[in-house]
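Participant: Coordinates in upload_7.cif, mmCIF, C-alpha atoms, are listed below.
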```cif
data_query
#
loop_
_atom_site.label_atom_id
_atom_site.label_comp_id
_atom_site.auth_asym_id
_atom_site.auth_seq_id
_atom_site.Cartn_x
_atom_site.Cartn_y
_atom_site.Cartn_z
CA ARG A 1 -23.45 -9.93 0.64
CA ASP A 2 -21.63 -12.20 -1.78
CA ALA A 3 -18.72 -9.83 -2.23
CA HIS A 4 -15.42 -10.71 -3.89
CA ARG A 5 -16.63 -14.13 -5.06
CA GLY A 6 -17.00 -15.96 -8.35
CA ALA A 7 -14.99 -16.95 -11.35
CA SER A 8 -13.12 -13.65 -11.50
CA ALA A 9 -11.70 -14.31 -8.04
CA ALA A 10 -10.56 -17.79 -9.02
CA ARG A 11 -8.84 -16.43 -12.10
CA SER A 12 -7.18 -13.75 -9.97
CA ALA A 13 -5.87 -16.41 -7.59
CA SER A 14 -4.36 -18.49 -10.37
CA ARG A 15 -2.68 -15.47 -11.91
CA MET A 16 -1.24 -14.47 -8.55
CA LYS A 17 0.67 -17.70 -8.11
CA GLY A 18 4.35 -17.21 -8.80
CA THR A 19 4.14 -13.43 -8.87
CA ILE A 20 5.98 -13.25 -5.55
CA ALA A 21 8.63 -15.72 -4.51
CA ARG A 22 8.45 -17.62 -1.25
CA PRO A 23 11.07 -16.93 1.47
CA GLY A 24 14.61 -17.51 0.28
CA ALA A 25 13.82 -16.91 -3.38
CA VAL A 26 14.38 -13.83 -5.47
CA TRP A 27 11.41 -11.65 -6.29
CA PRO A 28 11.03 -12.00 -10.08
CA ALA A 29 10.79 -8.95 -12.28
CA HIS A 30 7.37 -8.42 -13.84
CA PRO A 31 7.60 -8.63 -17.64
CA HIS A 32 5.10 -5.80 -18.06
CA ARG A 33 7.21 -3.51 -15.88
CA LEU A 34 10.31 -4.26 -17.91
CA ALA A 35 8.41 -3.37 -21.08
CA ARG A 36 7.56 0.01 -19.66
CA ARG A 37 11.17 0.68 -18.75
CA SER A 38 12.41 -0.09 -22.24
CA ARG A 39 10.20 2.63 -23.69
CA ALA A 40 11.06 5.29 -21.14
CA VAL A 41 13.30 8.21 -21.96
CA ALA A 42 14.33 9.48 -18.53
CA SER A 43 15.30 8.07 -15.15
CA ALA A 44 12.84 8.38 -12.29
CA ILE A 45 15.60 8.02 -9.73
CA ALA A 46 18.93 9.83 -9.49
CA PRO A 47 21.99 7.78 -10.51
CA ALA A 48 23.22 7.66 -6.92
CA ALA A 49 19.96 6.09 -5.84
CA ARG A 50 20.35 2.75 -7.59
CA THR A 51 19.05 -0.08 -5.44
CA ARG A 52 20.11 -3.67 -5.01
CA PHE A 53 16.99 -4.68 -6.94
CA GLY A 54 18.53 -3.70 -10.26
CA ARG A 55 18.83 -0.87 -12.72
CA ARG A 56 17.47 2.57 -12.24
CA ALA A 57 13.76 2.71 -12.94
CA THR A 58 12.76 4.68 -15.99
CA ARG A 59 9.25 5.66 -16.78
CA GLU A 60 7.03 6.83 -19.57
CA ARG A 61 5.63 10.37 -19.43
CA ARG A 62 7.90 11.54 -16.64
CA ARG A 63 7.44 15.16 -15.58
CA ALA A 64 8.74 17.27 -12.72
CA SER A 65 6.32 19.36 -10.69
CA THR A 66 7.66 22.76 -9.72
CA GLY A 67 6.27 25.62 -7.73
CA ALA A 68 4.30 25.74 -4.50
CA VAL A 69 0.86 25.33 -6.08
CA ALA A 70 -0.16 21.75 -6.86
CA PRO A 71 -1.25 21.17 -10.47
CA SER A 72 -4.96 20.71 -11.07
CA ALA A 73 -6.57 17.45 -12.13
CA GLY A 74 -6.97 18.87 -15.61
CA GLU A 75 -3.30 19.80 -15.86
CA LEU A 76 -2.25 16.38 -14.64
CA GLN A 77 -4.61 14.72 -17.09
CA SER A 78 -3.03 16.67 -19.93
CA SER A 79 0.50 15.69 -18.86
CA TYR A 80 0.04 12.17 -17.54
CA GLY A 81 -3.37 10.84 -18.57
CA LEU A 82 -3.44 7.67 -20.71
CA LYS A 83 -6.63 6.91 -22.60
CA ASP A 84 -8.75 4.14 -21.06
CA SER A 85 -6.01 3.36 -18.51
CA VAL A 86 -4.96 6.30 -16.30
CA ALA A 87 -7.15 9.32 -15.56
CA PHE A 88 -6.85 12.25 -13.18
CA GLU A 89 -10.12 13.49 -11.70
CA SER A 90 -11.45 15.76 -9.00
CA GLY A 91 -12.55 13.50 -6.17
CA GLU A 92 -14.16 13.92 -2.75
CA GLY A 93 -13.69 17.38 -1.32
CA GLY A 94 -12.19 18.55 -4.61
CA LEU A 95 -9.01 16.57 -3.97
CA THR A 96 -7.26 15.15 -7.02
CA LYS A 97 -7.33 11.39 -7.49
CA VAL A 98 -5.81 8.99 -10.00
CA VAL A 99 -8.11 6.37 -11.50
CA LEU A 100 -6.47 3.23 -12.87
CA THR A 101 -8.64 1.10 -15.12
CA HIS A 102 -7.59 -2.29 -16.47
CA VAL A 103 -8.97 -3.64 -19.72
CA CYS A 104 -10.41 -6.59 -17.75
CA GLY A 105 -12.71 -4.20 -15.87
CA SER A 106 -10.90 -3.87 -12.55
CA SER A 107 -10.09 -0.40 -11.17
CA ALA A 108 -8.28 1.47 -8.41
CA GLU A 109 -8.42 5.03 -7.12
CA ILE A 110 -5.50 6.81 -5.45
CA TYR A 111 -5.59 10.29 -3.91
CA LEU A 112 -2.50 12.45 -4.25
CA TYR A 113 -3.21 13.59 -0.71
CA GLY A 114 -1.49 10.92 1.36
CA ALA A 115 -0.92 8.67 -1.68
CA CYS A 116 -3.94 6.85 -0.27
CA VAL A 117 -5.54 4.05 -2.28
CA THR A 118 -9.23 4.49 -1.51
CA SER A 119 -10.78 2.00 -3.91
CA TRP A 120 -9.84 -1.32 -5.48
CA LYS A 121 -12.61 -3.03 -7.40
CA GLN A 122 -12.66 -6.39 -9.11
CA ALA A 123 -13.91 -6.73 -12.68
CA SER A 124 -17.29 -7.70 -11.20
CA GLY A 125 -17.50 -4.26 -9.57
CA ASP A 126 -17.05 -5.65 -6.04
CA GLU A 127 -15.16 -3.25 -3.76
CA VAL A 128 -12.38 -4.84 -1.70
CA LEU A 129 -11.19 -1.90 0.42
CA TYR A 130 -13.07 -0.03 3.13
CA VAL A 131 -13.22 3.72 3.78
CA ARG A 132 -14.60 4.68 7.17
CA PRO A 133 -17.73 6.85 7.37
CA ASP A 134 -15.79 9.43 9.41
CA ALA A 135 -13.14 9.85 6.69
CA LYS A 136 -12.26 13.47 5.92
CA PHE A 137 -11.40 14.69 2.41
CA ASP A 138 -10.59 18.29 3.34
CA MET A 139 -6.88 17.84 4.17
CA SER A 140 -7.59 18.49 7.85
CA LYS A 141 -6.39 14.96 8.65
CA ALA A 142 -5.28 11.80 6.88
CA ILE A 143 -7.92 9.88 4.93
CA SER A 144 -9.31 7.16 7.23
CA GLY A 145 -9.58 4.00 5.18
CA GLY A 146 -8.38 2.36 2.01
CA ILE A 147 -4.60 1.93 2.20
CA PRO A 148 -3.07 4.87 4.08
CA LEU A 149 0.73 4.95 3.89
CA CYS A 150 2.57 5.34 7.20
CA PHE A 151 6.07 6.88 7.00
CA PRO A 152 8.54 7.66 8.57
CA GLN A 153 6.88 6.40 11.72
CA PHE A 154 4.30 3.72 12.35
CA GLY A 155 2.15 4.20 15.42
CA PRO A 156 2.90 6.62 18.26
CA GLY A 157 6.39 7.99 18.85
CA GLU A 158 8.48 11.12 18.57
CA MET A 159 6.43 12.39 15.64
CA LYS A 160 2.68 12.55 15.20
CA GLN A 161 0.81 9.25 14.93
CA HIS A 162 1.87 7.28 11.82
CA GLY A 163 4.18 10.04 10.55
CA PHE A 164 3.57 12.69 7.88
CA ALA A 165 3.36 10.76 4.58
CA ARG A 166 -0.36 10.03 4.94
CA ASP A 167 -1.27 13.72 5.21
CA SER A 168 1.24 15.11 2.72
CA LEU A 169 0.55 16.04 -0.89
CA TRP A 170 2.48 13.70 -3.17
CA ARG A 171 3.84 14.55 -6.61
CA VAL A 172 3.12 12.56 -9.75
CA ALA A 173 6.41 11.27 -11.17
CA SER A 174 5.10 9.09 -13.99
CA THR A 175 2.28 7.01 -15.41
CA SER A 176 2.36 4.04 -17.76
CA ALA A 177 0.20 1.39 -19.35
CA ASP A 178 1.43 -1.41 -21.55
CA TYR A 179 -0.15 -1.46 -24.94
CA ASN A 180 -0.54 -5.22 -25.16
CA PRO A 181 -4.33 -5.38 -25.60
CA ASP A 182 -4.58 -8.50 -23.43
CA ASP A 183 -2.58 -7.15 -20.50
CA ARG A 184 -2.60 -3.34 -20.38
CA ASP A 185 -1.41 -2.78 -16.82
CA PRO A 186 -2.00 0.83 -15.70
CA CYS A 187 0.51 2.25 -13.21
CA VAL A 188 1.13 5.52 -11.40
CA GLU A 189 4.32 6.44 -9.57
CA LEU A 190 4.02 9.02 -6.79
CA VAL A 191 6.92 10.74 -5.06
CA LEU A 192 7.43 12.50 -1.72
CA GLU A 193 10.67 14.34 -0.88
CA ASP A 194 12.05 16.06 2.18
CA SER A 195 11.03 19.69 2.69
CA ASP A 196 10.77 22.35 5.35
CA GLU A 197 7.45 20.75 6.31
CA THR A 198 8.92 17.28 6.84
CA ARG A 199 11.78 18.69 8.89
CA ALA A 200 9.31 20.69 10.97
CA CYS A 201 7.60 17.38 11.79
CA GLY A 202 10.81 16.22 13.48
CA PHE A 203 12.38 14.14 10.72
CA ALA A 204 15.76 15.57 9.72
CA GLY A 205 16.60 13.04 7.01
CA SER A 206 17.02 13.97 3.34
CA PHE A 207 14.97 11.46 1.40
CA LYS A 208 12.96 10.57 -1.66
CA VAL A 209 10.08 8.12 -1.39
CA SER A 210 8.78 6.49 -4.56
CA TYR A 211 5.46 4.65 -4.38
CA SER A 212 4.11 2.83 -7.43
CA ILE A 213 0.61 1.35 -7.67
CA THR A 214 -0.21 -1.00 -10.54
CA LEU A 215 -3.24 -3.00 -11.62
CA HIS A 216 -2.14 -6.36 -13.03
CA ARG A 217 -5.51 -7.59 -14.22
CA GLU A 218 -7.45 -7.85 -10.93
CA THR A 219 -4.36 -7.86 -8.69
CA LEU A 220 -3.30 -4.64 -6.94
CA GLN A 221 0.49 -4.31 -6.82
CA THR A 222 2.43 -1.83 -4.66
CA ASP A 223 6.13 -0.97 -4.77
CA PHE A 224 7.51 1.25 -1.98
CA ARG A 225 11.07 2.65 -2.08
CA VAL A 226 12.87 4.93 0.38
CA ILE A 227 16.05 6.58 -0.89
CA ASN A 228 18.54 8.49 1.24
CA THR A 229 19.51 11.57 -0.80
CA GLY A 230 21.59 13.18 1.94
CA ASP A 231 25.00 12.70 3.50
CA ALA A 232 23.86 11.28 6.84
CA PRO A 233 22.04 8.04 7.69
CA PHE A 234 18.47 8.03 8.99
CA GLU A 235 16.05 5.52 10.49
CA PHE A 236 12.34 4.98 9.96
CA THR A 237 9.42 2.63 10.36
CA ALA A 238 6.60 2.27 7.83
CA ALA A 239 3.42 0.39 6.97
CA LEU A 240 0.59 -0.04 4.51
CA HIS A 241 -2.36 0.49 6.88
CA SER A 242 -4.79 -1.53 4.73
CA TYR A 243 -8.53 -1.56 5.52
CA PHE A 244 -10.50 -4.45 3.99
CA GLU A 245 -14.28 -4.77 3.86
CA VAL A 246 -15.68 -7.86 5.55
CA ALA A 247 -19.14 -9.41 5.77
CA GLY A 248 -19.33 -8.94 9.51
CA VAL A 249 -16.23 -8.88 11.69
CA GLU A 250 -17.47 -11.96 13.55
CA ASN A 251 -17.31 -13.90 10.27
CA ALA A 252 -13.78 -12.83 9.33
CA SER A 253 -10.50 -14.57 10.14
CA VAL A 254 -6.81 -14.31 9.25
CA SER A 255 -4.81 -17.38 8.22
CA GLY A 256 -1.04 -17.64 7.98
CA LEU A 257 -0.20 -16.33 11.44
CA GLU A 258 -0.84 -19.56 13.35
CA GLY A 259 1.78 -20.38 15.99
CA LEU A 260 3.39 -16.93 15.91
CA ALA A 261 3.90 -14.93 19.09
CA TYR A 262 2.77 -11.31 18.86
CA LEU A 263 2.98 -7.94 20.55
CA ASP A 264 -0.38 -6.90 22.02
CA LYS A 265 -0.78 -3.11 21.87
CA VAL A 266 -4.28 -2.96 23.36
CA PRO A 267 -3.25 -2.67 27.04
CA ASN A 268 -0.46 -0.15 26.35
CA PRO A 269 0.34 1.01 22.78
CA THR A 270 3.75 2.38 23.77
CA ASP A 271 4.79 -0.72 25.75
CA PRO A 272 3.11 -3.73 24.10
CA LYS A 273 3.02 -7.07 25.87
CA ARG A 274 4.38 -10.17 24.16
CA GLU A 275 1.82 -12.97 23.96
CA PRO A 276 2.22 -16.59 22.83
CA GLY A 277 0.81 -17.62 19.49
CA SER A 278 -2.22 -19.80 18.84
CA SER A 279 -2.54 -22.85 16.61
CA GLU A 280 -5.84 -21.53 15.28
CA GLU A 281 -6.64 -18.84 12.74
CA LEU A 282 -7.01 -15.37 14.20
CA ARG A 283 -10.63 -14.33 14.77
CA ILE A 284 -11.66 -10.89 15.97
CA ALA A 285 -13.62 -11.13 19.22
CA GLY A 286 -12.78 -7.76 20.78
CA GLU A 287 -10.48 -4.79 20.35
CA THR A 288 -7.46 -6.07 18.46
CA ASP A 289 -4.08 -4.43 17.82
CA ARG A 290 -1.36 -7.00 17.25
CA ILE A 291 2.11 -6.90 15.71
CA TYR A 292 3.38 -10.23 14.38
CA GLU A 293 7.14 -9.98 13.93
CA ASP A 294 8.93 -11.88 11.16
CA ALA A 295 5.57 -12.80 9.68
CA PRO A 296 5.30 -15.09 6.64
CA SER A 297 5.35 -13.61 3.14
CA GLU A 298 1.72 -14.60 2.61
CA VAL A 299 -1.40 -14.22 4.74
CA VAL A 300 -5.06 -14.45 3.79
CA LEU A 301 -7.93 -12.43 5.24
CA LYS A 302 -11.09 -14.51 4.97
CA VAL A 303 -13.84 -11.92 4.60
CA GLY A 304 -16.78 -14.15 5.57
CA THR A 305 -18.31 -14.77 2.15
CA GLY A 306 -16.28 -17.77 1.02
CA ALA A 307 -13.67 -15.47 -0.47
CA GLY A 308 -10.45 -14.00 0.87
CA VAL A 309 -7.88 -11.31 0.27
CA GLN A 310 -4.50 -12.90 -0.37
CA ILE A 311 -1.63 -10.63 0.68
CA GLN A 312 1.85 -11.53 -0.55
CA ASN A 313 4.88 -9.39 0.13
CA GLU A 314 8.62 -9.02 0.09
CA ASN A 315 10.53 -7.12 2.78
CA TRP A 316 7.51 -6.05 4.85
CA SER A 317 8.73 -8.24 7.71
CA ASP A 318 5.88 -7.61 10.14
CA CYS A 319 2.11 -8.06 9.95
CA VAL A 320 -0.27 -5.90 11.96
CA VAL A 321 -3.91 -6.86 12.58
CA TRP A 322 -6.21 -4.13 13.89
CA ASN A 323 -9.87 -3.63 14.66
CA PRO A 324 -11.05 -0.91 17.07
CA TRP A 325 -14.14 -2.82 18.19
CA THR A 326 -16.80 -0.70 19.89
CA SER A 327 -14.59 2.39 20.16
CA MET A 328 -15.78 2.90 16.55
CA GLU A 329 -19.35 1.73 17.06
CA ALA A 330 -20.54 2.98 13.67
CA CYS A 331 -18.24 0.83 11.55
CA TYR A 332 -16.09 -1.70 13.43
CA LYS A 333 -18.17 -4.65 12.18
CA GLU A 334 -17.50 -3.76 8.56
CA PHE A 335 -13.71 -3.95 8.27
CA VAL A 336 -10.49 -5.58 9.42
CA CYS A 337 -7.05 -4.04 8.93
CA VAL A 338 -4.31 -6.49 7.91
CA GLU A 339 -1.21 -4.38 7.45
CA ASN A 340 2.17 -4.93 5.85
CA ALA A 341 4.65 -3.24 8.16
CA LYS A 342 8.28 -2.67 9.06
CA THR A 343 7.90 -1.60 12.65
CA ALA A 344 9.38 -4.04 15.17
CA GLN A 345 12.89 -2.88 14.20
CA LYS A 346 13.71 0.43 12.54
CA VAL A 347 15.18 0.49 9.05
CA ARG A 348 18.53 2.28 8.83
CA VAL A 349 19.40 3.75 5.42
CA GLY A 350 22.86 5.20 4.77
CA PRO A 351 23.76 7.98 2.32
CA ASN A 352 22.94 7.04 -1.30
CA GLU A 353 21.38 3.79 -0.11
CA SER A 354 17.77 2.68 -0.38
CA TRP A 355 15.22 0.27 1.05
CA ARG A 356 12.41 -1.36 -0.89
CA ALA A 357 9.31 -3.42 -0.13
CA ARG A 358 6.51 -4.74 -2.29
CA ALA A 359 3.06 -6.13 -1.66
CA ASP A 360 0.52 -7.73 -3.99
CA PHE A 361 -3.16 -8.08 -3.14
CA ALA A 362 -5.49 -10.54 -4.85
CA VAL A 363 -9.01 -11.83 -4.24
CA VAL A 364 -9.17 -15.62 -4.00
CA ASP A 365 -12.10 -18.04 -3.89
CA LEU A 366 -11.84 -20.27 -0.81
CA ILE A 367 -14.68 -22.65 -1.69
#
```
Give the structure from the file, written as C-alpha cells.
Facilitator:
Amino acid sequence: RDAHRGASAARSASRMKGTIARPGAVWPAHPHRLARRSRAVASAIAPAARTRFGRRATRERRRASTGAVAPSAGELQSSYGLKDSVAFESGEGGLTKVVLTHVCGSSAEIYLYGACVTSWKQASGDEVLYVRPDAKFDMSKAISGGIPLCFPQFGPGEMKQHGFARDSLWRVASTSADYNPDDRDPCVELVLEDSDETRACGFAGSFKVSYSITLHRETLQTDFRVINTGDAPFEFTAALHSYFEVAGVENASVSGLEGLAYLDKVPNPTDPKREPGSSEELRIAGETDRIYEDAPSEVVLKVGTGAGVQIQNENWSDCVVWNPWTSMEACYKEFVCVENAKTAQKVRVGPNESWRARADFAVVDLI
C-alpha cells in the first residue's frame, strides 16, 4: 500500500523544517499560537503555574467543567465547537471524541477518555496512526493504539502499568482555530487534575496536566505540561506511546538512533539490560522493547513505502521502540511504536513549578 506518500508528504516535510530547534537552540514560538493567545480573555493556567517557556497561556472559548457527570458531545459542541475546524462527536462505544480538521484536508481525532489521539490523516486521506484490533472503547481499559498518554508512570512500577492518565476522563479546557484562511490551525487543550481517584492509584501529588493537540497543516503538534499545584514536590515519568502503521514490520526501520546504547526490556522489563549500540538503522526482527536514553531530538520511522514519519521533540529525552512480535499474532506486522518518553530518570517538580515537553509529527517523502 502506497501510504503516506506523494506531494503532500513532501510539502509537509518542507513546512516542518525549522519548527523545532536542534539541540542547544531555543524552541521558537509558533506564530499561530501567539495569535490565539492575543484573542483570549482568560488564563488557562493559574498565575502561580507560569513556566520558564513564557507567559501564561490564554485560550479562546475557555470553560470550566463542573459536576461529576461528564458533558455530552452535544454540550461540548455547543460550548467549544468551531465551524469547519473543531467538532465534538460521539465515537466508538459512545465515547466523546474531538475531531480537528484543517483547511488543507488533514484531520485528527482525540478521545476525551485517556486524551488518546486515535487518528491522524494526511490531506490525501492516508492514516498515519494505528489502532490495534483488540482496542476497547468501553472504558474497561485504556485504548490500545493511536497515541496513548502515559503519566505519572511509564511501564511497570508502583502503580498500574503506564499510570492512570490513559484511562482517565479528561476535561476540555479550550479550543481554538486561527481565522487566517490559509493557515487555520485547529487546536484542543485537555486537562487532567488530581482527584480522589488519582490518589487512590498511589500518586499523592497535587497536579494539573495540560495537553494540547494542534494540526498545523498536515503536521500533528503536541504540547504536554505538568504543573505542581500543591505544597510538596513530586516525581513522575511519562511518554507518548505512539503507534504508527507500517507496510509490514519487516520493511520498517528507525533512523537517528545509530550508535546509541540502549536498555533492553525484553529479557526482564523491571531490570533491563544495557546493550551496545549499532551503526546501522534499527530494524525489527523479533520482539523489541528498547529505551534509548538521551536520544536525539529527531528520529524517523521509515514505514516501508518510501515515506517516513519524522518525529521532532523538545524535552522528551528518551526514545522507546516497541513491537510485541508474535505475542500479538493478529497485528504485530502492521505497526511499530516509536515513543517520546521521559523514563530513564524521573522528573522532579517542586511546588508551583512545571515541566513541559513538545513533539511534532510529520510525514516525509524519502525518495
Participant: Do you know which residues are at most 10 Å from Gly350 of chain A counting all atoms listed in the file, after dropping those on the same chain fewer than 3 positions away, and could you put them as a PyMOL selection string?
Facilitator: chain A and resi 227-235+347+353-355
Participant: Hey, can you spit out that residue selection with C-alpha atoms as an mmCIF file, in the frame of the given file?
Facilitator:
```cif
data_model
loop_
_atom_site.group_PDB
_atom_site.id
_atom_site.type_symbol
_atom_site.label_atom_id
_atom_site.label_comp_id
_atom_site.auth_asym_id
_atom_site.auth_seq_id
_atom_site.Cartn_x
_atom_site.Cartn_y
_atom_site.Cartn_z
ATOM 1 C CA ILE A 227 16.050 6.580 -0.890
ATOM 2 C CA ASN A 228 18.540 8.490 1.240
ATOM 3 C CA THR A 229 19.510 11.570 -0.800
ATOM 4 C CA GLY A 230 21.590 13.180 1.940
ATOM 5 C CA ASP A 231 25.000 12.700 3.500
ATOM 6 C CA ALA A 232 23.860 11.280 6.840
ATOM 7 C CA PRO A 233 22.040 8.040 7.690
ATOM 8 C CA PHE A 234 18.470 8.030 8.990
ATOM 9 C CA GLU A 235 16.050 5.520 10.490
ATOM 10 C CA VAL A 347 15.180 0.490 9.050
ATOM 11 C CA GLU A 353 21.380 3.790 -0.110
ATOM 12 C CA SER A 354 17.770 2.680 -0.380
ATOM 13 C CA TRP A 355 15.220 0.270 1.050
#
```
Participant: Do a neighbour search on segment 279-291 of chain A at 9 Å with all atoms listed in the file, toss out local chain neighbours closer than 6 positions, and write the hits as an MDAnalysis selection string.
Facilitator: chainID A and resid 249:266 269 272 318:327 336 341 343:344
Participant: How many Å lie between atom CA of Gly81 of chain A and atom CA of Glu109 of chain A, rounded to one decimal?
Facilitator: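 Separation of atom CA of Gly81 of chain A and atom CA of Glu109 of chain A: 13.8 Å.
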Participant: Just give me the gap between atom CA of Asp138 of chain A and atom CA of Phe224 of chain A in Å, one decimal is fine.
Facilitator: 25.4 Å
Participant: By how many Å are atom CA of Thr101 of chain A and atom CA of Asp84 of chain A apart?
Facilitator: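 One can read the atom CA of Thr101 of chain A to atom CA of Asp84 of chain A distance as 6.7 Å.
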